[in-house]
Amino acid sequence: MTWKHIFWNDDFIVTNKDDWVYSLAAKVFSNVQFEVFCAMDNWKEWPRFYYGVWDLRLKDIFLQILEVVKKGAREGPSAGNNSPRIHSIIIADGKKPHISIMMFDKNEKPILEIPESADDLQYFADISHMT
């Protein structure tokens with residue numbers, strides 16, 4: 001298996017697992033959950049979750065991350081020009097968090113398409129039993 005990698009909010013995230021899409025998305029999602037905790041500013045409603053425990057209310061955010069990882073991850077040993085830069089921000093809209101994601105190529109031009117997949121939804125349901 002080759003190494004797959006992605007830059008997300010200036011963090012270099014890498015894996016060599018066969019299920020690389022889910023592995024990278026899970027690593028990104030754990031960081032995003034912490035960003036939700038900070039952005040929502042209501043720690044009773046949105047408690048801090050730790051790596052390996054997923055908040056079911058963030059399913060839509062996970063699916064967005066998964067689609068971006070599928071399109072954005074690259075393979076090989078180098079991450080310089082080979083990986084696009086992905087930036088995200090959590091937007092607190094009342095009581096529900098939303099994520100805004102933008103992917104840039106090496107020339108800083110935006111790239112973005114986000115469809116949803118039933119298979120990805122099933123993966124989230126399978127992994128979220130840990131909560």
# chains A, B, ... in the order shown; residues from 1 in each chain; ligands from 1

$ residues_around --residues "Val14 in chain A" --least-positions-apart "6" --cutoff "9 Å" --atoms "only C-alpha atoms" --output "PyMOL selection string"
chain A and resi 3-7+20+23-24

$ closest_residue --among "A:Asp19, A:Glu67, A:Glu35, A:Asp11" --to "Arg48 in chain A" --atoms "only C-alpha atoms"
A:Glu35

$ closest_residue --among "A:Phe49, A:Trp43, A:Phe104, A:Phe62" --to "His87 in chain A" --atoms "only C-alpha atoms"
A:Phe104

$ closest_residue --among "A:Val32, A:Ile89, A:Met102, A:Ala73" --to "Leu58 in chain A" --atoms "only C-alpha atoms"
A:Val32

$ closest_atom_pairs --of "range 52-95 of chain A" --to "range 28-31 of chain A" --cutoff "12 Å" --atoms "only C-alpha atoms" --output "JSON lines"
{"residue": "A:Gly52", "atom": "CA", "partner": "A:Ser30", "partner_atom": "CA", "distance": 7.5}
{"residue": "A:Val53", "atom": "CA", "partner": "A:Ser30", "partner_atom": "CA", "distance": 8.3}
{"residue": "A:Trp54", "atom": "CA", "partner": "A:Ser30", "partner_atom": "CA", "distance": 7.7}
{"residue": "A:Asp55", "atom": "CA", "partner": "A:Ser30", "partner_atom": "CA", "distance": 9.8}
{"residue": "A:Leu56", "atom": "CA", "partner": "A:Phe29", "partner_atom": "CA", "distance": 11.9}
{"residue": "A:Leu58", "atom": "CA", "partner": "A:Phe29", "partner_atom": "CA", "distance": 9.3}
{"residue": "A:Lys59", "atom": "CA", "partner": "A:Phe29", "partner_atom": "CA", "distance": 10.0}
{"residue": "A:Asp60", "atom": "CA", "partner": "A:Phe29", "partner_atom": "CA", "distance": 11.1}
{"residue": "A:Ile61", "atom": "CA", "partner": "A:Phe29", "partner_atom": "CA", "distance": 8.2}
{"residue": "A:Phe62", "atom": "CA", "partner": "A:Phe29", "partner_atom": "CA", "distance": 6.3}
{"residue": "A:Leu63", "atom": "CA", "partner": "A:Phe29", "partner_atom": "CA", "distance": 9.7}
{"residue": "A:Gln64", "atom": "CA", "partner": "A:Phe29", "partner_atom": "CA", "distance": 10.0}
{"residue": "A:Ile65", "atom": "CA", "partner": "A:Phe29", "partner_atom": "CA", "distance": 7.2}
{"residue": "A:Leu66", "atom": "CA", "partner": "A:Phe29", "partner_atom": "CA", "distance": 8.9}
{"residue": "A:Val68", "atom": "CA", "partner": "A:Val28", "partner_atom": "CA", "distance": 10.7}
{"residue": "A:Val69", "atom": "CA", "partner": "A:Val28", "partner_atom": "CA", "distance": 9.0}
{"residue": "A:Ala73", "atom": "CA", "partner": "A:Val28", "partner_atom": "CA", "distance": 12.0}
{"residue": "A:Ile86", "atom": "CA", "partner": "A:Val28", "partner_atom": "CA", "distance": 10.7}
{"residue": "A:His87", "atom": "CA", "partner": "A:Val28", "partner_atom": "CA", "distance": 11.2}
{"residue": "A:Ser88", "atom": "CA", "partner": "A:Val28", "partner_atom": "CA", "distance": 10.4}
{"residue": "A:Ile89", "atom": "CA", "partner": "A:Asn31", "partner_atom": "CA", "distance": 11.4}
{"residue": "A:Ile90", "atom": "CA", "partner": "A:Asn31", "partner_atom": "CA", "distance": 11.3}

$ write_last_selection --atoms "C-alpha atoms" --output "PDB file, in the first residue's frame"
ATOM      1  CA  GLY A  52     -12.360   7.588  18.709  1.00  0.00           C
ATOM      2  CA  VAL A  53     -15.673   8.936  20.023  1.00  0.00           C
ATOM      3  CA  TRP A  54     -17.857  10.586  17.405  1.00  0.00           C
ATOM      4  CA  ASP A  55     -20.838  12.881  17.875  1.00  0.00           C
ATOM      5  CA  LEU A  56     -23.735  11.564  15.756  1.00  0.00           C
ATOM      6  CA  LEU A  58     -22.028  15.853  13.108  1.00  0.00           C
ATOM      7  CA  LYS A  59     -22.806  13.171  10.502  1.00  0.00           C
ATOM      8  CA  ASP A  60     -23.269  15.732   7.708  1.00  0.00           C
ATOM      9  CA  ILE A  61     -19.930  17.326   8.508  1.00  0.00           C
ATOM     10  CA  PHE A  62     -18.241  13.913   8.388  1.00  0.00           C
ATOM     11  CA  LEU A  63     -19.768  13.182   4.959  1.00  0.00           C
ATOM     12  CA  GLN A  64     -18.473  16.495   3.631  1.00  0.00           C
ATOM     13  CA  ILE A  65     -14.998  15.741   4.969  1.00  0.00           C
ATOM     14  CA  LEU A  66     -15.093  12.258   3.443  1.00  0.00           C
ATOM     15  CA  VAL A  68     -13.166  16.169   0.100  1.00  0.00           C
ATOM     16  CA  VAL A  69     -10.640  13.573   1.290  1.00  0.00           C
ATOM     17  CA  ALA A  73      -5.739  12.902  -1.056  1.00  0.00           C
ATOM     18  CA  ILE A  86      -7.711  22.221   2.295  1.00  0.00           C
ATOM     19  CA  HIS A  87      -9.036  24.833   4.673  1.00  0.00           C
ATOM     20  CA  SER A  88     -12.164  24.561   6.774  1.00  0.00           C
ATOM     21  CA  ILE A  89     -13.956  26.703   9.295  1.00  0.00           C
ATOM     22  CA  ILE A  90     -16.794  25.912  11.676  1.00  0.00           C
TER      23      ILE A  90
END

$ closest_residue --among "A:Asn42, A:Ala92, A:Ser100, A:Pro84" --to "Asp10 in chain A" --atoms "only C-alpha atoms"
A:Pro84
